[in-house]
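Here is the file coords-v7.txt (compact mmCIF, C-alpha atoms).
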# COMPACT_ATOMS: atom_id res chain seq x y z
CA MET A 1 -80.05 42.10 -27.01
CA GLU A 2 -82.11 38.89 -27.04
CA GLN A 3 -85.47 39.33 -25.33
CA LYS A 4 -86.01 37.12 -22.32
CA GLN A 5 -88.97 34.80 -22.81
CA LEU A 6 -91.46 34.94 -19.95
CA PRO A 7 -92.63 31.61 -18.50
CA LYS A 8 -96.01 30.26 -19.59
CA LEU A 9 -98.58 30.45 -16.80
CA SER A 10 -101.07 27.75 -15.87
CA ASN A 11 -104.74 28.62 -16.49
CA TYR A 12 -105.48 27.06 -13.11
CA ARG A 13 -103.97 30.16 -11.51
CA TRP A 14 -107.35 31.88 -11.86
CA VAL A 15 -108.98 29.26 -9.64
CA ILE A 16 -106.35 29.98 -6.99
CA LEU A 17 -106.89 33.75 -7.27
CA VAL A 18 -110.71 33.56 -7.19
CA ILE A 19 -110.76 31.39 -4.05
CA ALA A 20 -108.15 33.56 -2.28
CA ALA A 21 -110.00 36.77 -3.23
CA LEU A 22 -113.37 35.40 -2.06
CA LEU A 23 -111.78 34.41 1.25
CA ASP A 24 -110.57 38.00 1.55
CA VAL A 25 -114.07 39.29 0.74
CA ILE A 26 -115.73 37.19 3.44
CA SER A 27 -112.96 38.06 5.92
CA ASN A 28 -113.69 41.78 5.65
CA TYR A 29 -117.42 41.10 5.44
CA VAL A 30 -117.40 39.30 8.80
CA GLN A 31 -115.05 41.82 10.43
CA PHE A 32 -117.15 44.83 9.44
CA GLN A 33 -120.44 43.18 10.44
CA ILE A 34 -119.46 44.47 13.87
CA SER A 35 -119.61 47.98 12.43
CA SER A 36 -122.77 47.60 10.32
CA LEU A 37 -124.68 45.98 13.22
CA ALA A 38 -123.17 48.13 15.97
CA THR A 39 -126.49 49.58 17.19
CA GLN A 40 -127.70 46.06 17.98
CA ILE A 41 -124.45 44.44 19.08
CA MET A 42 -123.34 47.07 21.61
CA PRO A 43 -126.50 46.95 23.78
CA ALA A 44 -126.68 43.15 23.52
CA LEU A 45 -123.10 42.71 24.75
CA HIS A 46 -123.26 45.70 27.14
CA ILE A 47 -119.99 47.11 25.79
CA THR A 48 -118.47 50.59 25.68
CA MET A 49 -117.12 52.34 22.59
CA PRO A 50 -113.47 51.40 23.34
CA GLN A 51 -114.56 47.77 23.72
CA PHE A 52 -116.44 48.03 20.42
CA GLN A 53 -113.29 49.30 18.70
CA SER A 54 -111.35 46.39 20.20
CA LEU A 55 -113.84 43.91 18.76
CA LEU A 56 -113.65 45.58 15.36
CA MET A 57 -109.86 45.27 15.28
CA ALA A 58 -109.65 41.80 16.89
CA PRO A 59 -109.26 39.84 13.61
CA MET A 60 -106.35 42.11 12.64
CA LEU A 61 -104.69 41.99 16.06
CA ILE A 62 -104.12 38.26 15.83
CA ALA A 63 -102.14 38.78 12.62
CA VAL A 64 -99.46 40.69 14.52
CA PHE A 65 -98.59 37.48 16.37
CA LEU A 66 -99.15 34.97 13.57
CA SER A 67 -97.67 36.60 10.46
CA ILE A 68 -94.03 35.62 10.98
CA PRO A 69 -94.61 31.98 12.06
CA ALA A 70 -97.25 31.64 9.32
CA GLY A 71 -94.81 32.56 6.59
CA SER A 72 -92.00 30.42 7.96
CA LEU A 73 -94.23 27.36 8.43
CA ALA A 74 -95.58 27.74 4.90
CA ASP A 75 -92.03 27.82 3.55
CA LYS A 76 -91.49 24.50 5.31
CA PHE A 77 -94.82 22.66 4.86
CA GLY A 78 -96.59 24.53 2.06
CA ALA A 79 -99.11 27.38 2.20
CA LYS A 80 -102.17 25.21 1.59
CA LYS A 81 -101.68 23.10 4.73
CA ILE A 82 -101.02 26.11 6.95
CA VAL A 83 -104.05 28.08 5.72
CA THR A 84 -106.24 24.96 5.98
CA VAL A 85 -105.42 24.65 9.68
CA GLY A 86 -106.28 28.34 10.07
CA LEU A 87 -109.61 27.88 8.30
CA VAL A 88 -110.63 25.16 10.76
CA VAL A 89 -109.95 27.49 13.68
CA SER A 90 -111.67 30.42 11.95
CA VAL A 91 -114.85 28.52 11.09
CA ILE A 92 -115.15 27.55 14.76
CA GLY A 93 -114.67 31.20 15.75
CA ALA A 94 -117.21 32.43 13.19
CA PHE A 95 -119.95 30.06 14.38
CA GLY A 96 -118.87 30.68 17.98
CA ARG A 97 -120.17 34.24 17.68
CA LEU A 98 -123.68 32.78 17.94
CA TRP A 99 -123.04 31.85 21.57
CA ALA A 100 -120.85 34.80 22.55
CA ASN A 101 -122.91 36.89 24.98
CA ASN A 102 -120.23 39.12 26.52
CA PHE A 103 -117.17 41.12 25.50
CA ILE A 104 -114.52 38.56 26.48
CA THR A 105 -116.18 35.66 24.70
CA MET A 106 -116.81 37.68 21.53
CA MET A 107 -113.23 38.95 21.56
CA ILE A 108 -111.95 35.37 21.68
CA MET A 109 -114.29 34.27 18.88
CA LEU A 110 -113.27 37.15 16.61
CA MET A 111 -109.57 36.56 17.23
CA MET A 112 -110.11 32.89 16.36
CA PHE A 113 -111.95 33.99 13.22
CA GLY A 114 -109.00 36.16 12.20
CA VAL A 115 -106.53 33.26 12.22
CA TYR A 116 -107.05 32.07 8.62
CA MET A 117 -106.76 35.55 7.15
CA ALA A 118 -103.56 36.20 9.09
CA LEU A 119 -102.10 32.99 7.65
CA LEU A 120 -103.36 33.72 4.13
CA ASN A 121 -102.19 37.35 4.10
CA ALA A 122 -98.71 36.28 5.21
CA ASN A 123 -98.52 33.87 2.27
CA THR A 124 -100.21 35.68 -0.62
CA LEU A 125 -96.78 36.71 -1.88
CA LYS A 126 -95.66 33.07 -1.92
CA ILE A 127 -98.90 31.75 -3.46
CA PHE A 128 -99.27 34.38 -6.18
CA GLY A 129 -95.53 34.46 -6.84
CA ILE A 130 -95.56 30.75 -7.67
CA TRP A 131 -98.77 30.79 -9.72
CA PHE A 132 -98.58 34.21 -11.42
CA LYS A 133 -94.82 34.81 -11.58
CA GLN A 134 -94.36 37.94 -13.75
CA ASP A 135 -98.03 38.84 -13.17
CA THR A 136 -97.82 38.68 -9.37
CA ASN A 137 -98.48 42.43 -9.06
CA MET A 138 -101.75 42.07 -10.96
CA ALA A 139 -102.89 39.18 -8.74
CA MET A 140 -101.97 41.14 -5.60
CA GLY A 141 -103.97 44.10 -6.89
CA ILE A 142 -107.13 42.04 -7.37
CA PHE A 143 -106.63 40.47 -3.95
CA PHE A 144 -106.22 43.91 -2.34
CA ALA A 145 -109.36 45.22 -4.07
CA SER A 146 -111.44 42.30 -2.76
CA ALA A 147 -111.07 43.68 0.78
CA SER A 148 -112.97 46.84 -0.20
CA VAL A 149 -115.70 44.70 -1.78
CA GLY A 150 -116.17 42.84 1.51
CA ILE A 151 -116.43 46.08 3.51
CA MET A 152 -119.00 47.61 1.14
CA LEU A 153 -121.11 44.44 0.99
CA SER A 154 -121.13 44.25 4.78
CA GLN A 155 -122.32 47.86 5.10
CA ILE A 156 -124.99 47.40 2.42
CA THR A 157 -126.43 44.05 3.57
CA GLY A 158 -126.14 44.54 7.35
CA PRO A 159 -129.59 46.15 7.79
CA MET A 160 -131.22 43.52 5.54
CA PHE A 161 -130.96 40.66 8.07
CA SER A 162 -133.82 39.99 10.47
CA SER A 163 -131.41 39.69 13.40
CA VAL A 164 -127.75 39.69 14.36
CA GLN A 165 -127.91 35.92 14.70
CA ALA A 166 -129.17 35.57 11.11
CA ALA A 167 -126.30 37.75 9.88
CA TYR A 168 -123.78 35.64 11.78
CA ILE A 169 -125.21 32.37 10.43
CA PHE A 170 -125.12 33.60 6.82
CA SER A 171 -121.50 34.78 6.93
CA SER A 172 -120.34 31.68 8.85
CA ILE A 173 -121.87 29.33 6.28
CA VAL A 174 -120.26 31.28 3.42
CA LEU A 175 -116.88 30.99 5.17
CA LEU A 176 -117.41 27.24 5.65
CA VAL A 177 -118.23 26.74 1.95
CA LEU A 178 -115.17 28.75 0.86
CA GLY A 179 -113.02 26.78 3.32
CA VAL A 180 -114.14 23.54 1.67
CA CYS A 181 -113.31 25.05 -1.74
CA TRP A 182 -109.82 25.89 -0.48
CA VAL A 183 -109.23 22.30 0.67
CA LEU A 184 -110.60 20.74 -2.52
CA PHE A 185 -109.28 23.03 -5.25
CA VAL A 186 -106.19 24.93 -4.08
CA LYS A 187 -102.73 23.55 -4.89
CA ASP A 188 -99.34 24.77 -3.72
CA THR A 189 -97.70 24.64 -7.16
CA PRO A 190 -98.76 24.24 -10.80
CA LYS A 191 -98.48 20.81 -12.36
CA GLY A 192 -94.91 20.04 -13.29
CA GLU A 193 -93.41 22.62 -10.92
CA GLU A 194 -93.11 20.51 -7.81
CA ILE A 195 -90.16 21.24 -5.53
CA PRO A 196 -87.28 18.82 -6.23
CA LYS A 197 -87.15 15.98 -3.69
CA GLN A 198 -83.67 16.78 -2.44
CA GLU A 199 -84.56 20.44 -1.86
CA MET A 200 -87.86 19.46 -0.24
CA GLN A 201 -86.13 17.06 2.15
CA ALA A 202 -83.59 19.71 3.08
CA ASP A 203 -86.36 22.26 3.68
CA GLN A 204 -88.33 19.84 5.88
CA ALA A 205 -85.23 19.17 7.93
CA ALA A 206 -84.67 22.86 8.49
CA SER A 207 -86.45 24.69 11.28
CA SER A 208 -89.08 27.33 10.54
CA TRP A 209 -86.88 29.83 12.36
CA SER A 210 -84.09 29.24 9.86
CA PHE A 211 -86.39 30.35 7.04
CA PHE A 212 -87.24 33.54 8.88
CA LYS A 213 -83.59 34.27 9.65
CA GLU A 214 -82.77 34.06 5.95
CA ALA A 215 -85.61 36.45 5.08
CA ALA A 216 -84.67 38.81 7.93
CA LYS A 217 -81.15 39.20 6.49
CA SER A 218 -82.64 41.04 3.52
CA LYS A 219 -82.37 44.80 4.17
CA LYS A 220 -84.62 45.50 1.19
CA THR A 221 -87.40 43.39 2.78
CA TRP A 222 -87.22 45.53 5.94
CA ILE A 223 -87.45 48.68 3.81
CA VAL A 224 -90.56 47.27 2.10
CA ALA A 225 -92.07 46.53 5.53
CA LEU A 226 -91.42 50.09 6.74
CA CYS A 227 -92.84 51.57 3.54
CA VAL A 228 -96.00 49.44 3.64
CA GLY A 229 -96.48 50.06 7.37
CA CYS A 230 -96.16 53.86 7.19
CA GLY A 231 -98.43 53.97 4.15
CA MET A 232 -101.05 51.77 5.80
CA GLY A 233 -100.86 53.74 9.04
CA ALA A 234 -101.40 57.09 7.32
CA SER A 235 -104.22 55.71 5.14
CA GLU A 236 -106.04 54.07 8.05
CA ALA A 237 -105.69 57.20 10.18
CA PHE A 238 -107.11 59.22 7.28
CA SER A 239 -110.07 56.88 6.69
CA GLY A 240 -110.82 56.63 10.39
CA ILE A 241 -111.08 60.38 10.96
CA LEU A 242 -113.08 61.32 7.85
CA PRO A 243 -116.62 60.86 9.31
CA GLN A 244 -115.85 62.87 12.46
CA ALA A 245 -114.01 65.58 10.54
CA PHE A 246 -116.78 66.14 8.00
CA ALA A 247 -119.40 66.09 10.74
CA ALA A 248 -117.39 68.86 12.41
CA ARG A 249 -117.68 70.81 9.15
CA GLY A 250 -121.48 70.70 9.34
CA MET A 251 -122.47 67.44 7.63
CA SER A 252 -125.01 65.08 9.15
CA PRO A 253 -123.61 61.73 10.38
CA GLN A 254 -125.25 59.98 7.40
CA GLN A 255 -123.73 62.41 4.89
CA ALA A 256 -120.32 62.21 6.55
CA GLY A 257 -120.41 58.40 6.47
CA THR A 258 -121.40 58.36 2.82
CA ILE A 259 -118.66 60.79 1.85
CA ALA A 260 -116.11 58.76 3.82
CA ALA A 261 -117.15 55.59 1.97
CA ILE A 262 -116.30 57.23 -1.35
CA ALA A 263 -112.59 56.98 -0.54
CA THR A 264 -113.08 53.20 -0.19
CA VAL A 265 -114.45 53.05 -3.72
CA GLY A 266 -111.40 54.89 -5.01
CA SER A 267 -109.14 52.52 -3.08
CA MET A 268 -110.86 49.50 -4.62
CA PHE A 269 -110.19 50.70 -8.16
CA GLY A 270 -106.67 51.81 -7.25
CA SER A 271 -105.80 48.35 -5.91
CA ALA A 272 -107.38 46.57 -8.88
CA PHE A 273 -105.95 48.64 -11.74
CA GLY A 274 -102.90 50.33 -10.20
CA PRO A 275 -100.48 47.42 -10.74
CA ALA A 276 -101.40 47.15 -14.45
CA ILE A 277 -100.66 50.86 -14.94
CA ILE A 278 -97.43 50.80 -12.94
CA ASN A 279 -96.20 47.70 -14.79
CA LYS A 280 -96.21 49.46 -18.18
CA PRO A 281 -93.12 51.74 -17.99
CA LYS A 282 -89.64 50.23 -18.06
CA ASN A 283 -88.70 52.17 -14.92
CA ALA A 284 -91.68 52.26 -12.57
CA LYS A 285 -89.99 54.17 -9.73
CA PRO A 286 -90.67 57.74 -10.99
CA LEU A 287 -94.33 56.88 -11.57
CA MET A 288 -94.71 55.27 -8.13
CA ILE A 289 -93.01 58.21 -6.42
CA GLY A 290 -95.22 60.69 -8.27
CA ILE A 291 -98.40 58.77 -7.41
CA THR A 292 -97.41 58.59 -3.74
CA VAL A 293 -96.59 62.29 -3.44
CA LEU A 294 -99.86 63.28 -5.16
CA GLY A 295 -101.79 60.90 -2.89
CA GLY A 296 -100.22 62.54 0.16
CA ILE A 297 -101.10 66.02 -1.14
CA SER A 298 -104.71 64.90 -1.67
CA MET A 299 -104.89 63.76 1.98
CA ALA A 300 -103.25 66.92 3.32
CA ILE A 301 -105.61 69.37 1.55
CA SER A 302 -108.85 67.51 2.39
CA TRP A 303 -109.72 69.92 5.21
CA TYR A 304 -109.55 72.86 2.82
CA VAL A 305 -111.53 71.32 -0.05
CA PRO A 306 -115.08 72.79 -0.34
CA LEU A 307 -117.94 70.47 0.54
CA GLY A 308 -119.82 68.97 -2.40
CA ILE A 309 -118.67 67.63 -5.73
CA VAL A 310 -115.14 69.04 -5.38
CA LEU A 311 -114.64 67.16 -2.11
CA THR A 312 -116.07 63.99 -3.66
CA ILE A 313 -113.64 64.18 -6.57
CA ASN A 314 -110.70 64.80 -4.23
CA LEU A 315 -111.59 61.77 -2.09
CA VAL A 316 -111.99 59.49 -5.10
CA ILE A 317 -108.63 60.64 -6.50
CA GLY A 318 -107.00 60.36 -3.08
CA GLY A 319 -108.33 56.83 -2.54
CA LEU A 320 -107.25 55.85 -6.04
CA LEU A 321 -103.71 57.22 -5.69
CA GLY A 322 -103.36 55.96 -2.13
CA ALA A 323 -103.99 52.33 -3.10
CA MET A 324 -102.17 52.00 -6.43
CA THR A 325 -98.69 51.23 -5.11
CA GLY A 326 -99.66 48.97 -2.19
CA PRO A 327 -99.88 45.70 -4.15
CA ILE A 328 -96.61 46.47 -5.94
CA MET A 329 -94.79 47.01 -2.66
CA GLN A 330 -96.27 43.88 -1.06
CA ALA A 331 -95.16 41.77 -4.03
CA MET A 332 -91.62 43.15 -4.18
CA PRO A 333 -89.73 40.79 -1.83
CA ILE A 334 -90.22 37.73 -4.05
CA THR A 335 -88.26 39.55 -6.79
CA PHE A 336 -85.24 39.99 -4.50
CA PRO A 337 -82.53 37.39 -5.32
CA GLU A 338 -82.02 36.61 -1.63
CA ILE A 339 -85.75 35.86 -1.12
CA GLY A 340 -87.35 34.29 -4.21
CA PRO A 341 -90.22 31.77 -3.87
CA LYS A 342 -88.31 29.71 -1.27
CA TYR A 343 -88.32 32.42 1.44
CA ALA A 344 -91.34 34.38 0.18
CA GLY A 345 -93.57 33.13 3.00
CA SER A 346 -91.13 34.26 5.68
CA ALA A 347 -90.62 37.60 3.93
CA GLY A 348 -94.39 38.08 3.69
CA GLY A 349 -94.72 37.30 7.39
CA LEU A 350 -92.05 39.83 8.26
CA VAL A 351 -93.68 42.52 6.12
CA GLY A 352 -97.09 41.68 7.58
CA THR A 353 -95.97 41.89 11.20
CA VAL A 354 -93.98 45.12 10.86
CA SER A 355 -96.63 46.83 8.74
CA LEU A 356 -99.46 45.88 11.10
CA LEU A 357 -97.53 47.16 14.10
CA LEU A 358 -96.85 50.44 12.31
CA SER A 359 -100.47 50.71 11.16
CA TYR A 360 -101.44 50.75 14.85
CA CYS A 361 -98.65 53.04 16.03
CA VAL A 362 -98.67 55.67 13.26
CA PRO A 363 -102.31 56.83 13.83
CA ILE A 364 -101.67 57.12 17.57
CA ILE A 365 -98.50 59.15 17.07
CA ILE A 366 -100.25 61.43 14.57
CA SER A 367 -103.12 62.05 16.99
CA MET A 368 -100.69 62.84 19.82
CA ILE A 369 -98.90 65.43 17.66
CA ALA A 370 -102.01 66.97 16.08
CA GLY A 371 -104.21 66.94 19.17
CA LYS A 372 -107.79 68.00 18.42
CA SER A 373 -106.88 69.93 15.27
CA TYR A 374 -108.37 68.26 12.19
CA LEU A 375 -106.32 70.58 10.00
CA MET A 376 -103.01 69.42 11.49
CA THR A 377 -104.16 65.81 11.47
CA PHE A 378 -104.84 65.84 7.73
CA ILE A 379 -101.56 67.61 6.99
CA ILE A 380 -99.46 65.18 9.04
CA GLN A 381 -101.25 62.16 7.57
CA GLY A 382 -100.58 63.42 4.06
CA LEU A 383 -96.95 64.16 4.91
CA VAL A 384 -96.34 60.68 6.34
CA PHE A 385 -97.91 59.05 3.30
CA ALA A 386 -95.93 61.21 0.86
CA LEU A 387 -92.66 60.48 2.68
CA THR A 388 -93.00 56.75 1.91
CA ALA A 389 -91.78 57.79 -1.55
CA ILE A 390 -88.30 57.94 0.02
CA PHE A 391 -88.43 54.18 0.64
CA MET A 392 -89.57 53.62 -2.95
CA ALA A 393 -86.63 55.63 -4.23
CA ILE A 394 -84.20 53.45 -2.26
CA LEU A 395 -85.65 50.13 -3.44
CA PRO A 396 -84.91 48.54 -6.84
CA ASN A 397 -87.09 49.19 -9.87
CA PRO A 398 -89.96 46.63 -9.59
CA ASN A 399 -90.16 46.35 -13.39
CA ALA A 400 -86.47 45.59 -13.93
CA GLY A 401 -87.12 41.97 -14.90
CA ARG A 402 -90.21 42.64 -16.98
CA HIS A 403 -88.81 44.84 -19.79
CA ARG A 404 -85.69 43.54 -21.51
Would you write the structure of this file as C-alpha cells?
Amino acid sequence: MEQKQLPKLSNYRWVILVIAALLDVISNYVQFQISSLATQIMPALHITMPQFQSLLMAPMLIAVFLSIPAGSLADKFGAKKIVTVGLVVSVIGAFGRLWANNFITMMIMLMMFGVYMALLNANTLKIFGIWFKQDTNMAMGIFFASASVGIMLSQITGPMFSSVQAAYIFSSIVLLVLGVCWVLFVKDTPKGEEIPKQEMQADQAASSWSFFKEAAKSKKTWIVALCVGCGMGASEAFSGILPQAFAARGMSPQQAGTIAAIATVGSMFGSAFGPAIINKPKNAKPLMIGITVLGGISMAISWYVPLGIVLTINLVIGGLLGAMTGPIMQAMPITFPEIGPKYAGSAGGLVGTVSLLLSYCVPIIISMIAGKSYLMTFIIQGLVFALTAIFMAILPNPNAGRHR
C-alpha cells in the first residue's frame, strides 16, 4: 500500500505555540497568586475560607459560560480576533486587582481576568490543529504542561515580592506584554492556507449557533467531553485533598504541601511527553487504556502507601500517568470527519464547557459518597479515573491516520 505523505508544516508554528504556552503560564501564575499570597490577601479583603476558594476558582468559572460561544465565534471570525478581545478584558481585570479592596470587587476582577484564557482554551484545538496538523497532540501536550509551570512559578516567587501590590503589578505587566505579542505575531493560518473566499463568505453569513449545532451532532465529541470531564474531576479532587490527607497521617503542613506538589511535577512531564509516547504505536487505544487504569490504581492506593520515598515515587508515577492521555483526548475532535478544522472551535467549546462542569460536580459527588473517610475518597477517585478507559475504548484509534 502506498504510504500517505504527511503535509509539510510551517516553521512559524513554533511562534504560535510559544506565545500560546506563555499565555497559559501567566494565566495559572496569576490565578495561583491568590493561593501563594493567601496569608496577606485574606486579612486585607476580610474574607472567609469559602470566599477565598471562590476567588481561586473565579478565572475557571467564567470559562463555563464562555467556552461554547468562544469556539463558535472563532469558527466564524477566526481565533485570533476572539482571543484578542478577551485579552483586552483580561488585562483590565488583572490591573483592576490593584484597586479591589473587597470580595465582590476582587471576584469581578478575577472573572474578567479569566476571559482570555477561557477563549484561548476553547480554541487551542482549532489553532494547533491548523498549525500542527499531524503533530497536534504534541502541541497540546506542551500547552498542557505550561499550566503546571505557571502554578510552580507562582508558588516559588510569591514570597519574594515586597507586597501583594508589587506581585499584582509584575504579573499584570507580563500579561500586557504577552497580549501585545499575541496581536503582533499570531496568525490564524499559515501562509498559503487561507480559507477559500466562497467558503469564508458562507461561514460569515452563518450564525455562530449553526457552527455549534454542527459540532453538537457529533456523538464522539460528547464522549470526549465526558471522558475529559470525569478525568479532570477525579484528578482535581485527588490533588485538592492530598495536603489535608497527608497532614492527617502525621505530616506537618509544610511537608504535606511539598509532597502534594510532587504530583504536579509528574503531571507536567506527563503532559509534555505523554503524547509523543502514545503517538508511536499504530493502535494507541490499548496503551491509553493501560495508562489510565494504572493511573487510577496509583490514586486509589495512595492512602496505603508508606510515607517517605515510596509515597514520593507513587505520586510522581500517578501524576505522570494521570496527565499523559489528557492532551490526546482534547485534540481528538479535530480528527473526526464531521468536525475537522471548520468546526474545531465549536467542538473545543463544547468539550470545555462539559468538562469544566464535570470537574466541579465530580469532586462534590465523591465527597458526598465518601464522607470524612480519606480511604474511601482515594479509592473512589481512582475508580472514577480508571473508568474513563471505557470512553477511550469506545472512541476511534487516535493514531489511525498517522500510520499507513
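If you measure from each of A:Asp135, A:Asp24, A:Glu236, A:Glu214 to Thr335 of chain A using all atoms listed in the file, the closest one turns out to be A:Asp135.
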Checklist outcome for this item: From the list A:Tyr29, A:Phe170, A:Phe211, A:Phe185, the nearest residue to Glu338 of chain A using all atoms listed in the file is A:Phe211
Next on the checklist: Please return as a ChimeraX atom specification every residue within 10 Å of (-93.0, 48.1, -10.6), taking into account only C-alpha atoms and the file's own coordinates.
Outcome noted: /A:137,275-288,325,327-329,331-332,396-402
Quick one: which segment 227-341 of chain A residues come within 12 Å of segment 61-77 of chain A, and what is the nearest atom pair for each with the distance in Å to one decimal, counting only C-alpha atoms, rows ordered by chain and ascending number, as a Markdown table?
| residue | atom | partner | partner_atom | distance |
| --- | --- | --- | --- | --- |
| A:Ile339 | CA | A:Asp75 | CA | 11.2 |
| A:Gly340 | CA | A:Asp75 | CA | 11.1 |
| A:Pro341 | CA | A:Asp75 | CA | 8.6 |
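Interatomic distance, atom CA of Gly322 of chain A against atom CA of Met392 of chain A: 14.0 Å.
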Next on the checklist: Could you check the closest approach to Ala118 of chain A for each of A:Met160, A:Leu226, A:Leu356, A:Val384 and tell me which residue wins, using only C-alpha atoms?
Outcome noted: A:Leu356
Next on the checklist: With distances taken over all atoms listed in the file, which residue among A:Ile379, A:Val228, A:Leu110, A:Ile151 lies nearest Gln330 of chain A?
Outcome noted: A:Val228
Next on the checklist: I need the residue nearest Ala38 of chain A from this list: A:Val164, A:Ala79, A:Val85, A:Leu311. Use all atoms listed in the file for the distance.
Outcome noted: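 Using all atoms listed in the file, Ala38 of chain A sits closest to A:Val164.
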Item to check | Straight-line distance linking atom CA of Ser54 of chain A with atom CA of Gln155 of chain A, stated in Å to one decimal | outcome: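 Those two atoms sit 18.7 Å apart.
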Item to check | Protein, DNA and RNA residues within 8 Å of (-100.2, 31.7, -11.7), only C-alpha atoms, as number ranges by chain | outcome: A: 9-14, 16, 128-133, 135-136, 190
Item to check | Nearest to Met140 of chain A, chosen from A:Thr189, A:Ser210, A:Ser252, A:Ser271, with only C-alpha atoms counted in the distances | outcome: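 Smallest separation from Met140 of chain A among the options: A:Ser271.
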Need the axis-aligned box for segment 147-153 of chain A with 5 Å each side, so what are the centre and edges in Å to one decimal, as AutoDock Vina command-line options?
--center_x -116.1 --center_y 45.2 --center_z 0.9 --size_x 20.0 --size_y 14.8 --size_z 15.3
Item to check | Atomic distance atom CA of Lys80 of chain A - atom CA of Lys126 of chain A, expressed in Å with one decimal | outcome: 10.8 Å
Item to check | Shell of 9 Å around Gly274 of chain A, only C-alpha atoms, local chain residues under 6 positions omitted, as a VMD selection string | outcome: chain A and resid 138 141 320 to 321 323 to 328
Checklist entry - Leaving out Val25 of chain A and any residue of its chain fewer than 3 positions from it, which residues lie within 7 Å of it when counting all atoms listed in the file, given as a list in words? => result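 Surrounding residues, per the criterion: Ala21, Leu22, Asn28, Tyr29, Ser146, Ala147, Val149 and Gly150 of chain A.
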Checklist entry - Which residues come within 12 Å of Ile313 of chain A, counting all atoms listed in the file, excluding same-chain residues fewer than 4 positions away, as an MDAnalysis selection string? => result chainID A and resid 259:260 262:263 265:266 298 302 305:309 317:320
Requested write-out: C-alpha atoms of the selected residues, as a short mmCIF file (atom, residue, chain, number, x, y, z; two decimals), in the frame of the given file:
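Saved as selection.cif:
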data_model
loop_
_atom_site.label_atom_id
_atom_site.label_comp_id
_atom_site.auth_asym_id
_atom_site.auth_seq_id
_atom_site.Cartn_x
_atom_site.Cartn_y
_atom_site.Cartn_z
CA ILE A 259 -118.66 60.79 1.85
CA ALA A 260 -116.11 58.76 3.82
CA ILE A 262 -116.30 57.23 -1.35
CA ALA A 263 -112.59 56.98 -0.54
CA VAL A 265 -114.45 53.05 -3.72
CA GLY A 266 -111.40 54.89 -5.01
CA SER A 298 -104.71 64.90 -1.67
CA SER A 302 -108.85 67.51 2.39
CA VAL A 305 -111.53 71.32 -0.05
CA PRO A 306 -115.08 72.79 -0.34
CA LEU A 307 -117.94 70.47 0.54
CA GLY A 308 -119.82 68.97 -2.40
CA ILE A 309 -118.67 67.63 -5.73
CA ILE A 317 -108.63 60.64 -6.50
CA GLY A 318 -107.00 60.36 -3.08
CA GLY A 319 -108.33 56.83 -2.54
CA LEU A 320 -107.25 55.85 -6.04
#
Could I get segment 21-35 of chain A rebuilt with N, CA and C atoms, written as a CSV table (one decimal), in the coordinates of the input?
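Saved as result16.csv:
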chain,number,residue,atom,x,y,z
A,21,ALA,N,-109.3,35.5,-3.3
A,21,ALA,CA,-110.0,36.8,-3.2
A,21,ALA,C,-111.3,36.7,-2.5
A,22,LEU,N,-112.1,35.6,-2.7
A,22,LEU,CA,-113.4,35.4,-2.1
A,22,LEU,C,-113.2,35.2,-0.6
A,23,LEU,N,-112.1,34.5,-0.2
A,23,LEU,CA,-111.8,34.4,1.2
A,23,LEU,C,-111.5,35.8,1.9
A,24,ASP,N,-110.8,36.6,1.1
A,24,ASP,CA,-110.6,38.0,1.6
A,24,ASP,C,-111.9,38.8,1.7
A,25,VAL,N,-112.8,38.6,0.7
A,25,VAL,CA,-114.1,39.3,0.7
A,25,VAL,C,-114.8,38.9,2.0
A,26,ILE,N,-114.9,37.6,2.3
A,26,ILE,CA,-115.7,37.2,3.4
A,26,ILE,C,-115.0,37.6,4.7
A,27,SER,N,-113.7,37.6,4.7
A,27,SER,CA,-113.0,38.1,5.9
A,27,SER,C,-113.4,39.5,6.3
A,28,ASN,N,-113.3,40.4,5.4
A,28,ASN,CA,-113.7,41.8,5.6
A,28,ASN,C,-115.2,41.9,5.9
A,29,TYR,N,-116.0,41.1,5.2
A,29,TYR,CA,-117.4,41.1,5.4
A,29,TYR,C,-117.7,40.8,6.9
A,30,VAL,N,-117.1,39.7,7.4
A,30,VAL,CA,-117.4,39.3,8.8
A,30,VAL,C,-116.9,40.4,9.8
A,31,GLN,N,-115.6,40.8,9.5
A,31,GLN,CA,-115.0,41.8,10.4
A,31,GLN,C,-115.9,43.1,10.5
A,32,PHE,N,-116.4,43.6,9.4
A,32,PHE,CA,-117.2,44.8,9.4
A,32,PHE,C,-118.6,44.6,9.7
A,33,GLN,N,-119.1,43.4,9.9
A,33,GLN,CA,-120.4,43.2,10.4
A,33,GLN,C,-120.6,43.8,11.8
A,34,ILE,N,-119.5,43.8,12.6
A,34,ILE,CA,-119.5,44.5,13.9
A,34,ILE,C,-119.8,45.9,13.7
A,35,SER,N,-119.3,46.6,12.7
A,35,SER,CA,-119.6,48.0,12.4
A,35,SER,C,-121.0,48.2,11.9
